[in-house]
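Comments concern the structure below.
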Amino acid sequence: MSIWEYANPVKFMRTSGAILPWAVAGAALCTVSGLVWGFLTPEDYKQGSTVKIVFIHVPAAMMAINIWVMMLVASLIWLIRRHHVSALAAKAAAPVGAVMTLIALATGAIWGQPMWGTWWEWDPRLTSFLILFLFYVGYIALWSAVEDPDSAADLTGWLCLVGSVFALLSRYAVLFWNQGLHQGASLSVAEGERMSAVYRYPLYLSMLGFFLLFVALLLIRTRTEIRRRRLAALQAREARA
Amino acid sequence: MIALLMRDLTLATRAGGGFGLGLAFFLILCTLVPFGVGPQGGTLALIAPGILWVGALLACLLSLDRIFALDHEDGSLDLLATSPIPLEGVVVLKAAAHWLTTGLPLVVAAPLFGLLLHLPAAAAPWLILSMLIGTPALSMLGAFGAAITVGLRRGGLLLSLLVLPLYIPTLIFGAEVIRRGAEGGSTVTPLAFLAGITAAVLALMPFAAAAALRVNLR
């Protein structure tokens, strides 16, 4: 019994089918309760009610980065061990990641307008998120442009690898290029807690909810990809017969 | 290997003015900018470093799909893949040929374009230096993008979507060198970053590009 056995689509379908209802239920429970709890928190003395957007903004931003890391790991597994489920999972994760990046950018803009007096600022954090979004778009576009599924998996895998290096590099490049407006991390292990507990616990819940939401969406989308692949194989066989 | 480089250079110079095309594009871009932002010298001098580098990126992008596409169409890429030269070497040679036909002319002509955009004279050496160090990275990254999109029917647009985000760090540090040079400040840090990026790209990207080519030739 090793993790590589899940490269077998049949086994993956069975296991993911068993996990999926729990992931969906957990995601719904945590996201809804986290957001409602967050909405009921008292208003901040400085930011007023706009502080509540943090319960969407921070989890989405966290997932936007982590989904790319997950895609990087999945791509590496595909390029090294050639597990098809891994490649399909990377493919399935990309649009979710792109939407998370977009949510982080949009909620940031909505929050930034009353707080900073601007919808958009060329600040290192904002700019590197925009660049991350561009990488997601390029990745998705490449998947849809290549017809042969194995070649597409290979090429997007290499793109993800190179893109990861450059996403990181861009992060430090824009930091160098412009000093920022964005505040530091709201939650940080090294600096201790900088947020009062009133906001912290609903935020944790909401982050867990967003993570489970990603797991649920990833499983659903990967299962769809596997079924689509099977359908294509069946149709190819039909056409030959 | 020399023969392959010479062949690529000959092809680039003979095939319908590909040689000067990037240069002409750069010239047009520098002509358009004053119309767009107004001809005031102060404004132009302020934005010149960025415009010059963005112009270099776009001019470079223009000829990227020629790196592998023609050889892929007539089948000579398959011959190159089976030749004794490793595919990584072929990629390096192709990128070198691209740089010699697009990057190097830009470096040589850049001071002239800087003059058009009222770039202070003090910045001219930094302009040349930053372009000289940065443009090889553009060609090499472009070769990777071209290798990924070589088999695709509508690869041109996708190529720019994939390659331009990869150009961002080079653009930032390249323009920063000129900006600091114009102000008379220290250019060591951005120059070191720029050189570091180029060195890393030249060292690692041939392998990624060759891997992408192998996938597309399969």
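Residue numbering restarts at 1 for every chain of the structure tokens, chains are lettered A, B, ... in their displayed order, and ligands are numbered from 1 as they appear.
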Inset, instruction - Please identify which residues in range 94-205 of chain A DSSP calls alpha helix (DSSP H) from the backbone, and express them as a PyMOL selection string. - result: chain A and resi 94-116+124-145+149-177+197-205
Could the residues in this selection be saved with C-alpha atoms as a JSON list (two decimals), in the first residue's frame?
[["chain", "number", "residue", "atom", "x", "y", "z"],
["A", 94, "ALA", "CA", -5.89, 25.76, -12.35],
["A", 95, "PRO", "CA", -9.29, 27.42, -12.94],
["A", 96, "VAL", "CA", -10.08, 27.22, -9.21],
["A", 97, "GLY", "CA", -6.78, 28.95, -8.49],
["A", 98, "ALA", "CA", -7.43, 31.60, -11.12],
["A", 99, "VAL", "CA", -10.85, 32.36, -9.59],
["A", 100, "MET", "CA", -9.35, 32.52, -6.09],
["A", 101, "THR", "CA", -6.76, 35.03, -7.36],
["A", 102, "LEU", "CA", -9.53, 37.04, -8.98],
["A", 103, "ILE", "CA", -11.58, 37.00, -5.75],
["A", 104, "ALA", "CA", -8.55, 38.21, -3.79],
["A", 105, "LEU", "CA", -7.92, 40.99, -6.32],
["A", 106, "ALA", "CA", -11.58, 42.02, -6.47],
["A", 107, "THR", "CA", -12.24, 42.02, -2.72],
["A", 108, "GLY", "CA", -8.96, 43.86, -2.25],
["A", 109, "ALA", "CA", -10.11, 46.54, -4.70],
["A", 110, "ILE", "CA", -13.51, 46.85, -3.01],
["A", 111, "TRP", "CA", -11.80, 47.22, 0.35],
["A", 112, "GLY", "CA", -9.08, 49.50, -0.99],
["A", 113, "GLN", "CA", -11.47, 52.06, -2.45],
["A", 114, "PRO", "CA", -12.86, 53.33, 0.92],
["A", 115, "MET", "CA", -9.69, 52.59, 2.91],
["A", 116, "TRP", "CA", -6.85, 53.68, 0.65],
["A", 124, "PRO", "CA", 4.23, 44.79, -4.65],
["A", 125, "ARG", "CA", 1.59, 42.49, -3.20],
["A", 126, "LEU", "CA", -1.13, 43.60, -5.56],
["A", 127, "THR", "CA", 1.17, 43.51, -8.58],
["A", 128, "SER", "CA", 2.54, 40.07, -7.82],
["A", 129, "PHE", "CA", -1.01, 38.77, -7.50],
["A", 130, "LEU", "CA", -1.85, 40.23, -10.88],
["A", 131, "ILE", "CA", 1.22, 38.48, -12.30],
["A", 132, "LEU", "CA", 0.14, 35.25, -10.61],
["A", 133, "PHE", "CA", -3.24, 35.64, -12.30],
["A", 134, "LEU", "CA", -1.48, 36.05, -15.67],
["A", 135, "PHE", "CA", 0.44, 32.83, -15.04],
["A", 136, "TYR", "CA", -2.83, 31.03, -14.30],
["A", 137, "VAL", "CA", -4.37, 32.38, -17.51],
["A", 138, "GLY", "CA", -1.37, 31.30, -19.59],
["A", 139, "TYR", "CA", -1.42, 27.86, -17.99],
["A", 140, "ILE", "CA", -5.13, 27.33, -18.67],
["A", 141, "ALA", "CA", -4.76, 28.65, -22.22],
["A", 142, "LEU", "CA", -1.94, 26.20, -22.93],
["A", 143, "TRP", "CA", -4.01, 23.27, -21.64],
["A", 144, "SER", "CA", -6.83, 24.16, -23.99],
["A", 145, "ALA", "CA", -4.54, 24.78, -26.96],
["A", 149, "PRO", "CA", -3.61, 15.08, -23.73],
["A", 150, "ASP", "CA", -0.19, 13.63, -22.85],
["A", 151, "SER", "CA", 1.68, 16.36, -24.72],
["A", 152, "ALA", "CA", -0.54, 18.96, -23.06],
["A", 153, "ALA", "CA", 0.25, 17.52, -19.65],
["A", 154, "ASP", "CA", 3.98, 17.57, -20.42],
["A", 155, "LEU", "CA", 4.06, 21.09, -21.81],
["A", 156, "THR", "CA", 1.91, 22.58, -19.06],
["A", 157, "GLY", "CA", 4.05, 20.74, -16.52],
["A", 158, "TRP", "CA", 7.18, 22.42, -17.84],
["A", 159, "LEU", "CA", 5.39, 25.74, -18.01],
["A", 160, "CYS", "CA", 4.29, 25.35, -14.39],
["A", 161, "LEU", "CA", 7.86, 24.60, -13.35],
["A", 162, "VAL", "CA", 9.35, 27.58, -15.15],
["A", 163, "GLY", "CA", 6.39, 29.75, -14.14],
["A", 164, "SER", "CA", 6.86, 28.94, -10.47],
["A", 165, "VAL", "CA", 10.44, 30.14, -10.54],
["A", 166, "PHE", "CA", 9.44, 33.30, -12.31],
["A", 167, "ALA", "CA", 6.39, 33.93, -10.12],
["A", 168, "LEU", "CA", 8.73, 33.84, -7.14],
["A", 169, "LEU", "CA", 11.27, 36.00, -8.93],
["A", 170, "SER", "CA", 8.60, 38.52, -9.92],
["A", 171, "ARG", "CA", 7.47, 38.67, -6.32],
["A", 172, "TYR", "CA", 10.90, 39.91, -5.23],
["A", 173, "ALA", "CA", 11.42, 41.98, -8.36],
["A", 174, "VAL", "CA", 8.28, 44.06, -7.78],
["A", 175, "LEU", "CA", 9.19, 44.39, -4.11],
["A", 176, "PHE", "CA", 12.44, 45.92, -5.25],
["A", 177, "TRP", "CA", 10.70, 48.07, -7.81],
["A", 197, "ALA", "CA", -9.25, 37.02, 18.88],
["A", 198, "VAL", "CA", -12.66, 38.37, 17.87],
["A", 199, "TYR", "CA", -11.54, 38.39, 14.25],
["A", 200, "ARG", "CA", -9.00, 35.62, 14.42],
["A", 201, "TYR", "CA", -11.21, 32.64, 15.11],
["A", 202, "PRO", "CA", -13.82, 33.28, 12.41],
["A", 203, "LEU", "CA", -10.90, 33.87, 10.04],
["A", 204, "TYR", "CA", -9.40, 30.48, 10.90],
["A", 205, "LEU", "CA", -12.78, 28.86, 10.32]]
Legend entry - For Gly50 in chain B: contacts at 10 Å, only C-alpha atoms, fewer than 4 positions along chain excluded, given as a PyMOL selection string: chain B and resi 45-46+54-56+171-172+174-176+178-179
Atoms kept (N, CA and C atoms) for selection, written as an mmCIF file, in the first residue's frame:
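Contents of the output file out_24.cif:
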data_model
loop_
_atom_site.group_PDB
_atom_site.id
_atom_site.type_symbol
_atom_site.label_atom_id
_atom_site.label_comp_id
_atom_site.auth_asym_id
_atom_site.auth_seq_id
_atom_site.Cartn_x
_atom_site.Cartn_y
_atom_site.Cartn_z
ATOM 1 N N ALA B 45 11.551 62.040 -20.748
ATOM 2 C CA ALA B 45 12.773 61.568 -20.091
ATOM 3 C C ALA B 45 12.433 60.694 -18.904
ATOM 4 N N LEU B 46 11.313 61.037 -18.235
ATOM 5 C CA LEU B 46 10.908 60.281 -17.053
ATOM 6 C C LEU B 46 10.505 58.851 -17.420
ATOM 7 N N VAL B 54 10.216 48.207 -22.574
ATOM 8 C CA VAL B 54 8.988 47.589 -23.085
ATOM 9 C C VAL B 54 9.094 47.423 -24.599
ATOM 10 N N GLY B 55 9.650 48.436 -25.259
ATOM 11 C CA GLY B 55 9.838 48.353 -26.702
ATOM 12 C C GLY B 55 10.739 47.194 -27.085
ATOM 13 N N ALA B 56 11.800 47.009 -26.305
ATOM 14 C CA ALA B 56 12.722 45.899 -26.584
ATOM 15 C C ALA B 56 12.012 44.554 -26.436
ATOM 16 N N LEU B 171 12.483 43.039 -17.177
ATOM 17 C CA LEU B 171 12.016 44.395 -17.473
ATOM 18 C C LEU B 171 12.237 45.309 -16.279
ATOM 19 N N ILE B 172 11.849 44.841 -15.088
ATOM 20 C CA ILE B 172 11.946 45.682 -13.892
ATOM 21 C C ILE B 172 13.394 46.078 -13.624
ATOM 22 N N GLY B 174 16.037 45.808 -15.646
ATOM 23 C CA GLY B 174 16.636 46.513 -16.781
ATOM 24 C C GLY B 174 16.304 47.990 -16.749
ATOM 25 N N ALA B 175 15.010 48.299 -16.558
ATOM 26 C CA ALA B 175 14.596 49.701 -16.536
ATOM 27 C C ALA B 175 15.163 50.412 -15.309
ATOM 28 N N GLU B 176 15.286 49.661 -14.200
ATOM 29 C CA GLU B 176 15.796 50.265 -12.963
ATOM 30 C C GLU B 176 17.262 50.702 -13.140
ATOM 31 N N ILE B 178 18.684 51.772 -15.879
ATOM 32 C CA ILE B 178 18.730 53.024 -16.639
ATOM 33 C C ILE B 178 18.258 54.185 -15.765
ATOM 34 N N ARG B 179 17.174 53.941 -15.001
ATOM 35 C CA ARG B 179 16.606 55.010 -14.186
ATOM 36 C C ARG B 179 17.649 55.511 -13.175
#
Inset, instruction - Do me a favour and pick out the residues of chain B within 6 Å of chain A, using only C-alpha atoms, as a ChimeraX atom specification. - result: /B:161-162,169,212,215
Filtering to C-alpha atoms, could you give me those residues as a PDB file, in the first residue's frame?
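Here's the written file out-v9.pdb:
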ATOM      1  CA  LEU B 161       0.666  35.270 -23.306  1.00  0.00           C
ATOM      2  CA  LEU B 162       3.141  32.696 -21.998  1.00  0.00           C
ATOM      3  CA  PRO B 169      11.694  40.550 -13.740  1.00  0.00           C
ATOM      4  CA  ALA B 212       9.329  20.952 -24.542  1.00  0.00           C
ATOM      5  CA  VAL B 215       7.342  16.601 -26.412  1.00  0.00           C
TER       6      VAL B 215
END
Which residues of range 96-184 of chain B sit at most 12 Å from range 188-210 of chain B, using only C-alpha atoms? Give each one's shortest atom pair and distance in Å (one decimal place), in chain and ascending residue order, as JSON lines.
{"residue": "B:Ala96", "atom": "CA", "partner": "B:Leu202", "partner_atom": "CA", "distance": 10.4}
{"residue": "B:Trp126", "atom": "CA", "partner": "B:Leu191", "partner_atom": "CA", "distance": 9.4}
{"residue": "B:Leu127", "atom": "CA", "partner": "B:Leu191", "partner_atom": "CA", "distance": 11.1}
{"residue": "B:Leu129", "atom": "CA", "partner": "B:Leu191", "partner_atom": "CA", "distance": 8.8}
{"residue": "B:Ser130", "atom": "CA", "partner": "B:Leu191", "partner_atom": "CA", "distance": 7.1}
{"residue": "B:Met131", "atom": "CA", "partner": "B:Leu194", "partner_atom": "CA", "distance": 9.8}
{"residue": "B:Leu132", "atom": "CA", "partner": "B:Ala195", "partner_atom": "CA", "distance": 9.9}
{"residue": "B:Ile133", "atom": "CA", "partner": "B:Ala195", "partner_atom": "CA", "distance": 6.1}
{"residue": "B:Gly134", "atom": "CA", "partner": "B:Thr198", "partner_atom": "CA", "distance": 6.3}
{"residue": "B:Thr135", "atom": "CA", "partner": "B:Thr198", "partner_atom": "CA", "distance": 8.3}
{"residue": "B:Pro136", "atom": "CA", "partner": "B:Thr198", "partner_atom": "CA", "distance": 6.8}
{"residue": "B:Ala137", "atom": "CA", "partner": "B:Thr198", "partner_atom": "CA", "distance": 4.8}
{"residue": "B:Leu138", "atom": "CA", "partner": "B:Thr198", "partner_atom": "CA", "distance": 8.4}
{"residue": "B:Ser139", "atom": "CA", "partner": "B:Leu202", "partner_atom": "CA", "distance": 9.5}
{"residue": "B:Met140", "atom": "CA", "partner": "B:Leu202", "partner_atom": "CA", "distance": 6.5}
{"residue": "B:Leu141", "atom": "CA", "partner": "B:Met205", "partner_atom": "CA", "distance": 6.9}
{"residue": "B:Gly142", "atom": "CA", "partner": "B:Ala209", "partner_atom": "CA", "distance": 9.4}
{"residue": "B:Ala143", "atom": "CA", "partner": "B:Ala209", "partner_atom": "CA", "distance": 6.7}
{"residue": "B:Phe144", "atom": "CA", "partner": "B:Ala209", "partner_atom": "CA", "distance": 4.3}
{"residue": "B:Gly145", "atom": "CA", "partner": "B:Ala209", "partner_atom": "CA", "distance": 7.6}
{"residue": "B:Ala146", "atom": "CA", "partner": "B:Ala209", "partner_atom": "CA", "distance": 8.3}
{"residue": "B:Ala147", "atom": "CA", "partner": "B:Ala209", "partner_atom": "CA", "distance": 5.6}
{"residue": "B:Ile148", "atom": "CA", "partner": "B:Ala209", "partner_atom": "CA", "distance": 7.2}
{"residue": "B:Thr149", "atom": "CA", "partner": "B:Ala209", "partner_atom": "CA", "distance": 10.6}
{"residue": "B:Val150", "atom": "CA", "partner": "B:Ala209", "partner_atom": "CA", "distance": 10.8}
{"residue": "B:Leu166", "atom": "CA", "partner": "B:Val201", "partner_atom": "CA", "distance": 10.6}
{"residue": "B:Tyr167", "atom": "CA", "partner": "B:Ile197", "partner_atom": "CA", "distance": 10.4}
{"residue": "B:Ile168", "atom": "CA", "partner": "B:Ile197", "partner_atom": "CA", "distance": 11.1}
{"residue": "B:Pro169", "atom": "CA", "partner": "B:Ile197", "partner_atom": "CA", "distance": 8.1}
{"residue": "B:Thr170", "atom": "CA", "partner": "B:Leu194", "partner_atom": "CA", "distance": 6.2}
{"residue": "B:Leu171", "atom": "CA", "partner": "B:Leu194", "partner_atom": "CA", "distance": 9.0}
{"residue": "B:Ile172", "atom": "CA", "partner": "B:Pro190", "partner_atom": "CA", "distance": 8.7}
{"residue": "B:Phe173", "atom": "CA", "partner": "B:Pro190", "partner_atom": "CA", "distance": 5.2}
{"residue": "B:Gly174", "atom": "CA", "partner": "B:Leu194", "partner_atom": "CA", "distance": 6.5}
{"residue": "B:Ala175", "atom": "CA", "partner": "B:Pro190", "partner_atom": "CA", "distance": 8.9}
{"residue": "B:Glu176", "atom": "CA", "partner": "B:Pro190", "partner_atom": "CA", "distance": 6.4}
{"residue": "B:Val177", "atom": "CA", "partner": "B:Pro190", "partner_atom": "CA", "distance": 5.7}
{"residue": "B:Ile178", "atom": "CA", "partner": "B:Pro190", "partner_atom": "CA", "distance": 9.5}
{"residue": "B:Arg179", "atom": "CA", "partner": "B:Pro190", "partner_atom": "CA", "distance": 10.3}
{"residue": "B:Arg180", "atom": "CA", "partner": "B:Pro190", "partner_atom": "CA", "distance": 9.0}
{"residue": "B:Gly181", "atom": "CA", "partner": "B:Val188", "partner_atom": "CA", "distance": 9.9}
{"residue": "B:Gly184", "atom": "CA", "partner": "B:Val188", "partner_atom": "CA", "distance": 11.7}
Using only C-alpha atoms, find each residue in range 74-101 of chain A having at least one atom no more than 10 Å away from range 224-237 of chain A; report its shortest atom-to-atom pair and that distance in Å (one decimal), rows by chain then rising number, as a Markdown table.
| residue | atom | partner | partner_atom | distance |
| --- | --- | --- | --- | --- |
| A:His84 | CA | A:Ile226 | CA | 9.2 |
| A:Val85 | CA | A:Ile226 | CA | 7.7 |
| A:Leu88 | CA | A:Glu225 | CA | 6.5 |
| A:Ala89 | CA | A:Glu225 | CA | 8.4 |
| A:Lys91 | CA | A:Glu225 | CA | 8.6 |
| A:Ala92 | CA | A:Glu225 | CA | 7.4 |
Residues from last step as file, N, CA and C atoms, as a JSON list (two decimals), in the first residue's frame:
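Result file out20.json:
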[["chain", "number", "residue", "atom", "x", "y", "z"],
["A", 84, "HIS", "N", -1.11, 9.79, -14.37],
["A", 84, "HIS", "CA", -2.09, 10.59, -15.11],
["A", 84, "HIS", "C", -3.02, 11.36, -14.19],
["A", 85, "VAL", "N", -3.40, 10.75, -13.06],
["A", 85, "VAL", "CA", -4.31, 11.44, -12.16],
["A", 85, "VAL", "C", -3.69, 12.75, -11.67],
["A", 88, "LEU", "N", -4.01, 15.36, -14.33],
["A", 88, "LEU", "CA", -5.39, 15.82, -14.42],
["A", 88, "LEU", "C", -5.77, 16.68, -13.23],
["A", 89, "ALA", "N", -5.21, 16.35, -12.05],
["A", 89, "ALA", "CA", -5.49, 17.16, -10.87],
["A", 89, "ALA", "C", -4.93, 18.57, -11.03],
["A", 91, "LYS", "N", -4.50, 20.08, -13.85],
["A", 91, "LYS", "CA", -5.37, 20.74, -14.82],
["A", 91, "LYS", "C", -6.66, 21.22, -14.14],
["A", 92, "ALA", "N", -7.20, 20.36, -13.26],
["A", 92, "ALA", "CA", -8.47, 20.67, -12.61],
["A", 92, "ALA", "C", -8.30, 21.81, -11.62]]
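Here CA of Gly114 in chain B stands at a distance of 8.8 Å from CA of Cys30 in chain B.
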Legend entry - Neighbour list for range 6-8 of chain B as a ChimeraX atom specification, cut-off 10 Å, only C-alpha atoms, skip fewer than 5 positions in-chain: /B:1,13-14,67,71,93-94,96-98,101
Writer output for current selection, C-alpha atoms, as an mmCIF file, in the first residue's frame:
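Output contents, as saved in part03.cif:
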data_model
loop_
_atom_site.group_PDB
_atom_site.id
_atom_site.type_symbol
_atom_site.label_atom_id
_atom_site.label_comp_id
_atom_site.auth_asym_id
_atom_site.auth_seq_id
_atom_site.Cartn_x
_atom_site.Cartn_y
_atom_site.Cartn_z
ATOM 1 C CA MET B 1 27.476 23.822 -34.653
ATOM 2 C CA THR B 13 18.912 37.903 -43.135
ATOM 3 C CA ARG B 14 17.540 36.585 -46.417
ATOM 4 C CA ILE B 67 12.842 30.490 -33.905
ATOM 5 C CA ASP B 71 12.188 24.425 -39.157
ATOM 6 C CA LEU B 93 22.263 28.079 -31.040
ATOM 7 C CA LYS B 94 18.766 29.056 -32.140
ATOM 8 C CA ALA B 96 21.904 32.876 -30.069
ATOM 9 C CA ALA B 97 20.903 33.386 -33.687
ATOM 10 C CA HIS B 98 17.728 35.131 -32.525
ATOM 11 C CA THR B 101 19.497 39.218 -35.351
#
Inset, instruction - With a distance cut-off of 12 Å and only C-alpha atoms, select the neighbouring residues of Ile28 in chain B, excluding the residue or stretch itself and same-chain residues fewer than 2 positions from it, and output the selection as a PyMOL selection string. - result: chain B and resi 21-26+30-35+52+55-56+58-59+113+116
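Between CA of Leu119 in chain B and CA of Cys60 in chain B the separation is 21.5 Å.
Here CA of Met62 in chain A and CA of Pro9 in chain A stand 29.3 Å from one another.
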